[in-house]
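Visitor: Structure file query-v8.txt (compact mmCIF, C-alpha atoms) is given on the next line.
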# COMPACT_ATOMS: atom_id res chain seq x y z
CA MET H 40 -71.99 32.87 44.16
CA THR H 41 -74.07 35.74 45.42
CA ALA H 42 -73.86 37.67 48.64
CA ASP H 43 -77.45 37.06 49.66
CA GLY H 44 -76.18 35.32 52.76
CA SER H 45 -76.69 31.83 51.44
CA ARG H 46 -73.10 30.89 52.14
CA ALA H 47 -72.87 32.28 55.64
CA ASN H 48 -73.70 28.99 57.31
CA ASP H 49 -71.09 26.85 55.65
CA GLY H 50 -68.55 27.07 58.45
CA ARG H 51 -66.18 29.55 56.88
CA ALA H 52 -65.68 33.06 58.17
CA ALA H 53 -68.12 35.61 56.78
CA ARG H 54 -66.33 38.26 54.75
CA ILE H 55 -67.45 41.83 55.38
CA VAL H 56 -66.02 44.52 53.14
CA TYR H 57 -65.63 48.10 54.35
CA TYR H 58 -66.02 50.19 51.23
CA GLY H 59 -65.79 53.94 50.74
CA PRO H 60 -63.63 56.84 49.64
CA GLY H 61 -60.19 57.54 51.00
CA LEU H 62 -60.03 58.99 54.52
CA SER H 63 -63.67 58.19 55.19
CA GLY H 64 -62.71 56.07 58.19
CA LYS H 65 -62.69 52.45 57.04
CA THR H 66 -59.41 51.60 58.76
CA THR H 67 -60.50 53.47 61.86
CA ASN H 68 -63.55 51.23 62.06
CA LEU H 69 -61.33 48.16 62.03
CA LEU H 70 -58.97 49.60 64.62
CA ARG H 71 -61.84 50.47 66.92
CA LEU H 72 -63.41 47.04 66.57
CA ALA H 73 -60.05 45.42 67.25
CA ALA H 74 -59.67 47.53 70.37
CA LEU H 75 -63.12 46.49 71.57
CA VAL H 76 -62.90 42.79 70.86
CA GLY H 77 -59.24 41.98 70.73
CA ASP H 78 -56.05 43.82 69.98
CA PRO H 79 -55.52 46.76 67.56
CA ALA H 80 -52.09 45.32 66.75
CA GLU H 81 -53.92 42.50 64.97
CA VAL H 82 -55.21 44.79 62.23
CA THR H 83 -53.12 43.46 59.39
CA VAL H 84 -51.99 45.55 56.45
CA VAL H 85 -51.73 43.55 53.24
CA GLU H 86 -49.63 44.90 50.39
CA THR H 87 -48.71 43.35 47.10
CA ALA H 88 -46.50 45.02 44.49
CA SER H 89 -46.35 48.44 46.09
CA PRO H 90 -47.60 50.21 49.20
CA GLU H 91 -50.44 51.54 47.05
CA ASP H 92 -51.75 48.02 46.42
CA ARG H 93 -52.93 47.53 49.93
CA CYS H 94 -55.89 46.74 52.09
CA GLU H 95 -56.47 46.14 55.78
CA PHE H 96 -57.66 42.87 57.21
CA LEU H 97 -58.99 41.90 60.63
CA PRO H 98 -60.33 38.49 61.64
CA LEU H 99 -62.79 38.71 64.52
CA SER H 100 -64.71 36.27 66.63
CA TRP H 101 -67.79 38.35 67.15
CA PRO H 102 -69.63 37.68 70.42
CA ARG H 103 -72.65 35.39 70.03
CA ARG H 104 -72.20 35.50 66.31
CA ARG H 105 -69.62 34.02 64.03
CA ARG H 106 -66.14 34.28 62.69
CA LEU H 107 -65.79 37.42 60.65
CA HIS H 108 -63.15 38.51 58.19
CA LEU H 109 -63.27 42.28 57.92
CA VAL H 110 -61.54 43.81 54.92
CA ALA H 111 -61.08 47.55 54.30
CA VAL H 112 -60.54 48.40 50.65
CA PRO H 113 -58.09 51.05 49.42
CA GLY H 114 -60.12 54.24 49.01
CA ARG H 115 -58.11 56.15 46.46
CA LEU H 116 -59.90 56.48 43.14
CA PRO H 117 -57.21 54.79 40.99
CA ARG H 118 -57.48 51.59 43.07
CA ALA H 119 -60.88 50.67 41.60
CA GLY H 120 -59.54 47.32 40.36
CA ASP H 121 -58.37 46.39 43.85
CA ARG H 122 -61.74 47.30 45.30
CA ARG H 123 -63.54 45.14 42.75
CA ARG H 124 -61.31 42.14 43.43
CA LEU H 125 -61.76 42.45 47.19
CA LEU H 126 -65.53 42.27 46.78
CA ARG H 127 -65.30 38.70 45.48
CA GLY H 128 -66.88 36.38 48.00
CA ALA H 129 -68.21 39.20 50.16
CA ASP H 130 -71.11 38.33 52.43
CA GLY H 131 -71.91 41.92 53.27
CA VAL H 132 -70.74 45.47 52.68
CA ILE H 133 -70.45 48.47 54.96
CA PHE H 134 -70.20 51.66 52.96
CA VAL H 135 -68.35 54.21 55.05
CA ALA H 136 -69.45 57.58 53.71
CA ASP H 137 -67.46 60.68 54.55
CA GLY H 138 -69.70 63.21 56.26
CA ARG H 139 -67.68 66.24 55.22
CA ASP H 140 -69.19 68.60 52.68
CA ALA H 141 -66.21 68.48 50.33
CA ARG H 142 -66.28 64.68 50.15
CA GLN H 143 -69.86 64.16 48.99
CA ASP H 144 -68.82 63.81 45.34
CA ALA H 145 -66.33 61.13 46.32
CA ASN H 146 -69.07 59.32 48.25
CA LEU H 147 -71.29 59.32 45.19
CA VAL H 148 -68.58 58.12 42.86
CA LEU H 149 -67.61 55.24 45.15
CA LEU H 150 -71.22 54.24 45.81
CA ASP H 151 -71.97 54.10 42.08
CA GLU H 152 -68.78 52.15 41.60
CA LEU H 153 -69.77 49.72 44.36
CA GLY H 154 -72.98 48.80 42.56
CA ALA H 155 -71.11 48.19 39.32
CA HIS H 156 -68.40 46.18 41.02
CA LEU H 157 -70.86 43.99 42.92
CA ALA H 158 -72.57 43.13 39.67
CA ALA H 159 -69.21 42.52 38.02
CA VAL H 160 -68.21 39.93 40.60
CA GLY H 161 -71.56 38.17 40.42
CA ILE H 162 -73.21 39.63 43.53
CA PRO H 163 -76.65 41.12 42.85
CA PRO H 164 -76.46 44.63 44.33
CA ALA H 165 -80.17 44.59 45.16
CA THR H 166 -79.83 41.61 47.52
CA CYS H 167 -76.36 42.19 48.93
CA PRO H 168 -76.58 43.02 52.65
CA LEU H 169 -75.40 46.60 52.90
CA VAL H 170 -75.33 49.27 55.58
CA LEU H 171 -74.42 52.93 55.19
CA GLN H 172 -72.30 54.55 57.85
CA TYR H 173 -72.26 58.36 57.86
CA ASN H 174 -68.91 59.00 59.45
CA HIS H 175 -67.17 62.15 60.65
CA ARG H 176 -70.42 63.43 62.18
CA ASP H 177 -68.39 65.33 64.75
CA LEU H 178 -66.58 67.56 62.26
CA PRO H 179 -67.71 71.17 61.82
CA ASP H 180 -68.10 70.84 58.04
CA ALA H 181 -70.24 67.70 58.25
CA VAL H 182 -73.37 68.00 56.12
CA PRO H 183 -76.76 67.13 57.63
CA ALA H 184 -77.66 63.47 57.61
CA GLU H 185 -80.83 64.30 55.66
CA HIS H 186 -78.70 65.74 52.89
CA MET H 187 -76.61 62.58 52.75
CA ASP H 188 -79.78 60.50 52.72
CA ARG H 189 -81.04 62.34 49.65
CA LEU H 190 -77.69 61.99 47.98
CA LEU H 191 -76.77 58.41 48.79
CA ASN H 192 -79.69 56.44 50.13
CA GLY H 193 -82.28 56.18 47.44
CA ARG H 194 -82.53 52.45 48.13
CA GLY H 195 -83.40 52.83 51.80
CA TRP H 196 -80.41 51.00 53.29
CA PRO H 197 -79.99 51.08 57.06
CA VAL H 198 -77.99 54.11 58.15
CA VAL H 199 -75.77 54.54 61.19
CA ALA H 200 -74.32 57.92 62.11
CA ALA H 201 -70.81 57.58 63.44
CA CYS H 202 -67.71 59.21 64.73
CA ALA H 203 -65.40 56.25 64.22
CA ALA H 204 -62.37 58.03 65.64
CA ALA H 205 -64.16 58.17 68.98
CA GLY H 206 -65.65 54.72 68.55
CA ASP H 207 -69.20 56.04 68.22
CA GLY H 208 -71.39 54.04 65.86
CA VAL H 209 -68.73 51.48 64.97
CA VAL H 210 -70.27 48.51 66.73
CA GLU H 211 -73.78 49.64 65.82
CA THR H 212 -72.82 49.65 62.14
CA LEU H 213 -71.47 46.12 62.26
CA GLU H 214 -74.46 44.89 64.23
CA ALA H 215 -76.81 46.53 61.73
CA LEU H 216 -75.13 44.62 58.94
CA LEU H 217 -75.10 41.32 60.83
CA ALA H 218 -78.81 41.76 61.44
CA ARG H 219 -79.29 41.75 57.67
CA MET H 220 -77.24 38.59 57.24
CA PRO H 221 -78.45 35.09 58.10
CA PRO H 222 -77.52 34.01 61.65
CA SER H 223 -74.46 31.83 61.99
CA MET Q 111 -42.56 5.91 47.96
CA ALA Q 112 -40.34 4.57 45.22
CA GLU Q 113 -36.73 3.95 46.26
CA SER Q 114 -35.46 6.17 43.47
CA ALA Q 115 -37.37 9.13 44.87
CA ARG Q 116 -35.52 9.14 48.19
CA PRO Q 117 -32.20 10.62 47.00
CA LEU Q 118 -34.10 13.35 45.19
CA ARG Q 119 -36.09 14.09 48.32
CA ASP Q 120 -33.00 14.17 50.47
CA ASP Q 121 -31.35 16.54 48.05
CA LEU Q 122 -34.40 18.77 47.91
CA TYR Q 123 -34.67 18.80 51.67
CA GLN Q 124 -31.02 19.75 51.97
CA ARG Q 125 -31.53 22.55 49.46
CA LEU Q 126 -34.55 23.70 51.42
CA CYS Q 127 -32.59 23.78 54.68
CA ASP Q 128 -29.67 25.62 53.04
CA ALA Q 129 -31.96 28.20 51.50
CA SER Q 130 -33.82 28.63 54.81
CA ALA Q 131 -30.53 29.22 56.59
CA ASP Q 132 -29.63 31.81 53.95
CA VAL Q 133 -32.93 33.60 54.52
CA VAL Q 134 -32.54 33.64 58.30
CA ARG Q 135 -28.93 34.84 58.03
CA GLY Q 136 -30.15 37.96 56.21
CA ALA Q 137 -29.81 41.23 58.10
CA GLY Q 138 -33.04 42.11 59.82
CA VAL Q 139 -34.61 38.70 59.30
CA ALA Q 140 -35.87 36.97 62.44
CA GLY Q 141 -37.15 33.72 61.03
CA VAL Q 142 -38.98 31.91 58.30
CA CYS Q 143 -42.03 29.67 58.57
CA LEU Q 144 -43.84 27.45 56.13
CA VAL Q 145 -47.56 27.47 56.88
CA ALA Q 146 -50.43 25.59 55.33
CA GLY Q 147 -53.91 26.95 54.80
CA GLY Q 148 -55.59 27.83 58.05
CA GLY Q 149 -52.23 28.75 59.55
CA ARG Q 150 -50.95 25.25 60.36
CA LEU Q 151 -47.21 25.43 60.95
CA VAL Q 152 -45.27 22.99 58.78
CA LEU Q 153 -41.69 24.14 59.12
CA ARG Q 154 -39.81 26.80 61.04
CA PHE Q 155 -36.32 28.22 60.93
CA GLY Q 156 -35.29 30.93 63.37
CA ALA Q 157 -37.83 32.96 65.33
CA GLY Q 158 -41.46 33.75 64.63
CA PRO Q 159 -44.85 33.64 66.30
CA ARG Q 160 -45.82 30.24 67.63
CA ASP Q 161 -49.49 30.73 68.33
CA GLY Q 162 -51.88 29.31 65.79
CA ASP Q 163 -54.15 32.36 65.73
CA THR Q 164 -51.39 34.65 64.52
CA LEU Q 165 -50.23 32.23 61.86
CA ALA Q 166 -53.85 31.70 60.77
CA ARG Q 167 -54.30 35.45 60.50
CA PHE Q 168 -51.24 35.77 58.30
CA ALA Q 169 -52.33 32.83 56.17
CA SER Q 170 -55.70 34.51 55.64
CA ALA Q 171 -53.98 37.81 54.85
CA VAL Q 172 -51.86 36.08 52.20
CA ALA Q 173 -55.01 34.59 50.69
CA ILE Q 174 -56.55 38.06 50.54
CA ALA Q 175 -53.40 39.44 48.95
CA ARG Q 176 -53.66 36.84 46.22
CA THR Q 177 -57.17 38.12 45.59
CA LEU Q 178 -55.97 41.69 45.61
CA HIS Q 179 -53.11 41.31 43.22
CA PRO Q 180 -53.96 41.30 39.52
CA ASP Q 181 -51.42 38.52 39.01
CA CYS Q 182 -52.55 36.53 42.00
CA GLU Q 183 -52.31 33.31 40.02
CA GLU Q 184 -48.60 33.99 39.61
CA ALA Q 185 -47.95 33.50 43.32
CA ALA Q 186 -46.49 36.98 43.64
CA PRO Q 187 -44.77 37.80 46.93
CA VAL Q 188 -46.75 40.00 49.29
CA HIS Q 189 -46.03 42.18 52.28
CA VAL Q 190 -48.13 41.71 55.39
CA GLN Q 191 -47.75 43.82 58.49
CA ASP Q 192 -49.49 44.21 61.81
CA GLY Q 193 -48.64 46.02 65.01
CA ARG Q 194 -45.97 43.47 65.94
CA HIS Q 195 -44.75 41.76 62.81
CA ARG Q 196 -43.49 42.65 59.38
CA VAL Q 197 -43.86 39.65 57.14
CA TYR Q 198 -42.88 38.89 53.57
CA ALA Q 199 -44.98 36.10 52.24
CA GLN Q 200 -44.24 33.95 49.24
CA PRO Q 201 -47.05 31.66 48.18
CA VAL Q 202 -45.59 28.29 47.19
CA ALA Q 203 -48.08 25.69 46.12
CA ARG Q 204 -51.07 23.72 47.28
CA ASP Q 205 -52.13 26.37 49.79
CA LEU Q 206 -48.64 26.63 51.29
CA SER Q 207 -46.94 29.95 52.01
CA LEU Q 208 -43.50 30.89 53.18
CA LEU Q 209 -43.62 33.66 55.78
CA VAL Q 210 -40.42 35.61 56.44
CA PHE Q 211 -40.58 37.48 59.72
CA CYS Q 212 -38.47 40.64 59.51
CA GLU Q 213 -37.51 43.27 62.01
CA SER Q 214 -39.69 46.36 61.76
CA ARG Q 215 -36.68 48.60 61.09
CA LEU Q 216 -36.14 46.88 57.75
CA PRO Q 217 -37.52 49.01 54.88
CA PRO Q 218 -39.88 46.96 52.70
CA GLY Q 219 -37.88 47.41 49.52
CA LEU Q 220 -34.65 46.33 51.17
CA ALA Q 221 -36.26 43.31 52.73
CA TYR Q 222 -37.54 42.19 49.35
CA ARG Q 223 -34.04 42.35 47.93
CA LEU Q 224 -32.51 40.57 50.91
CA VAL Q 225 -34.79 37.59 50.85
CA GLU Q 226 -35.70 37.39 47.20
CA ALA Q 227 -32.97 34.98 46.05
CA PRO Q 228 -32.94 32.52 48.97
CA LEU Q 229 -36.74 32.61 49.10
CA GLU Q 230 -36.89 31.69 45.45
CA ALA Q 231 -34.57 28.76 46.13
CA MET Q 232 -36.85 27.65 48.96
CA ARG Q 233 -39.90 28.03 46.78
CA GLU Q 234 -38.38 25.95 43.99
CA ALA Q 235 -37.37 23.12 46.31
CA LEU Q 236 -40.78 23.14 47.97
CA SER Q 237 -42.61 23.17 44.69
CA VAL Q 238 -40.82 20.00 43.57
CA LEU Q 239 -41.43 18.36 46.94
CA VAL Q 240 -45.09 19.26 46.88
CA ALA Q 241 -45.47 18.17 43.29
CA GLU Q 242 -44.24 14.67 44.08
CA THR Q 243 -46.26 14.35 47.28
CA PRO Q 244 -49.67 12.75 46.79
CA GLU Q 245 -52.73 14.85 47.51
CA ALA Q 246 -54.19 14.40 50.98
CA GLY Q 247 -56.56 11.47 50.92
CA ASN Q 248 -54.78 9.57 48.18
CA GLU Q 249 -52.66 7.63 50.65
CA PRO Q 250 -54.23 8.34 54.03
CA SER Q 251 -52.62 5.36 55.73
CA ARG Q 252 -49.15 6.81 55.26
CA ARG Q 253 -49.93 10.09 56.99
CA ARG Q 254 -49.41 10.44 60.70
CA ARG Q 255 -50.54 13.15 63.06
CA GLY Q 256 -48.16 16.09 62.88
CA ASP Q 257 -46.73 15.06 59.54
CA ASP Q 258 -47.08 17.08 56.42
CA ILE Q 259 -45.22 17.16 53.16
CA PHE Q 260 -42.08 15.62 54.59
CA TRP Q 261 -43.55 12.35 55.77
CA GLU Q 262 -41.77 9.22 54.70
Please express the file's structure as structure tokens.
Guide:
Amino acid sequence: MTADGSRANDGRAARIVYYGPGLSGKTTNLLRLAALVGDPAEVTVVETASPEDRCEFLPLSWPRRRRLHLVAVPGRLPRAGDRRRLLRGADGVIFVADGRDARQDANLVLLDELGAHLAAVGIPPATCPLVLQYNHRDLPDAVPAEHMDRLLNGRGWPVVAACAAAGDGVVETLEALLARMPPS
Amino acid sequence: MAESARPLRDDLYQRLCDASADVVRGAGVAGVCLVAGGGRLVLRFGAGPRDGDTLARFASAVAIARTLHPDCEEAAPVHVQDGRHRVYAQPVARDLSLLVFCESRLPPGLAYRLVEAPLEAMREALSVLVAETPEAGNEPSRRRRGDDIFWE
């Protein structure tokens, strides 16, 4: 099954995967959304064999929209297998890119990996609803958004600048993705 | 149900209750719940959240964990934690999961060791019970509202 949105109307919760390198702010996005819509204590950490095999999960009833299952993948490079498995059944992806200069290589590696993993789980990367979030815009070593565009956004995905720790851009990112998915 | 199946069921149910009591007696364990897909509560021993939303969230988290784990088909135990609960989940069968609600002071590794043996006993008893229970829809007239795998 592909992630072209064709399954979003079947009554189940839409699964949105927050993808990106470690410390880019995926979990912070979930915590901020939980604080806005519900309760941050409901962000649920899921671990299997070890604390390294983990992801974060948050079910949300998004206003005027639908039931959403938000999943933040583990960002560390060795957890590539976990990231691929968590993409199965995804209806949309938010790539949380780290805005700091020193993390641009990690952004590139994870974005390339995302395309390969989407294809591996049967989701055509070209049609998968995807939004880029340029996070950490408030930090002094953040690179210009134009630089990140050249580096990461050759496909012209929607971009939202964010400072997730302060809550800026978090809702806008999710709304940008939902706008690319079929209405519930 | 065949008459010969009743003693087996009674024995399995007794084993299930004994194992549940063993789990709940463990240091740092607050309670154990058996939940079906969607978070429907089937069985409870000791304490644990009663609201359906929380149980549904944990049931979904367990489903995600089974996706995450390379051996997800093996029904590996998983650890699920939010701001209020620390839960050790053991998938059983047919979309059923055992959720052990532990105190937050309990280190994950220790909790695994504490509940591993009695949880396995619970899982075994449940697996046999589930295996001999017809799939939903096979005998709809025998199911009543509120009943689940222990209907007679």
Visitor: Check the smallest atom-to-atom distance from each of Q:Asp128, Q:Glu226, Q:Glu234, Q:Asp161 to Pro187 (chain Q) using only C-alpha atoms, then report the winner.
Guide: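 Smallest distance to Pro187 (chain Q) is found for Q:Glu226.
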Visitor: Counting only C-alpha atoms, which residue out of H:Ala158, H:Leu107, H:Val135, H:Leu125 sits closest to Ala73 (chain H)?
Guide: H:Leu107
Visitor: I want to know what sits within 10 Å of Pro179 (chain H), based on all atoms listed in the file, with residues of the same chain fewer than 3 positions away left out; could you give that as a count of residues only?
Guide: 6
Visitor: Report the distance between CA of Arg51 (chain H) and CA of Ala119 (chain H) in Å, rounded to one decimal place.
Guide: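 Taking CA of Arg51 (chain H) and CA of Ala119 (chain H), their separation equals 26.6 Å.
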Visitor: Considering only C-alpha atoms, extract the chain Q residues located within 9 Å of chain H and return them as a PyMOL selection string.
Guide: chain Q and resi 164+167-168+170-172+174-180+186-194
Visitor: Please measure the separation of CA of Leu70 (chain H) and CA of Val210 (chain H), giving the value in Å to one decimal.
Guide: 11.5 Å
Visitor: Please determine, counting all atoms listed in the file, which residue among Q:Leu206, Q:Leu216, Q:Val133, Q:Val225 has the shortest atom-to-atom distance to Leu239 (chain Q).
Guide: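 Closest candidate: Q:Leu206.
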Visitor: Can you measure CA of Val134 (chain Q) to CA of Phe155 (chain Q) for me? One decimal in Å is fine.
Guide: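 These two atoms are separated by 7.1 Å.
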Visitor: Using only C-alpha atoms, which protein or nucleic acid residues come within 10 Å of Gln143 (chain H)? Drop anything in the same chain fewer than 6 positions from it, and give the result as a PyMOL selection string.
Guide: chain H and resi 60+136-137+149+181-182+186-187+190-191
Visitor: For Leu178 (chain H), which residue among H:Thr166, H:Glu152, H:Ala141, H:Met220 is the nearest when counting only C-alpha atoms?
Guide: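 Among H:Thr166, H:Glu152, H:Ala141, H:Met220, it is H:Ala141 that comes nearest to Leu178 (chain H).
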Visitor: Between Q:Val145, Q:Ala199, Q:Leu224, Q:Met232, which residue has the minimum interatomic distance to Leu165 (chain Q), considering all atoms listed in the file?
Guide: Q:Val145
Visitor: Which residue, H:Ala145, H:Ile162, H:Asp177, H:Ile133, has the smallest gap to Gly206 (chain H) when you use only C-alpha atoms?
Guide: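 Selected residue with least distance to Gly206 (chain H): H:Asp177.
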Visitor: Kindly list the centre and edge lengths in Å, rounded to one decimal, for the axis-aligned box that covers all listed atoms of region 205-217 of chain Q plus 4 Å on each of its six sides, as lines of an AutoDock Vina configuration file.
Guide:
center_x = -44.1
center_y = 37.7
center_z = 55.9
size_x = 24.0
size_y = 30.6
size_z = 20.2
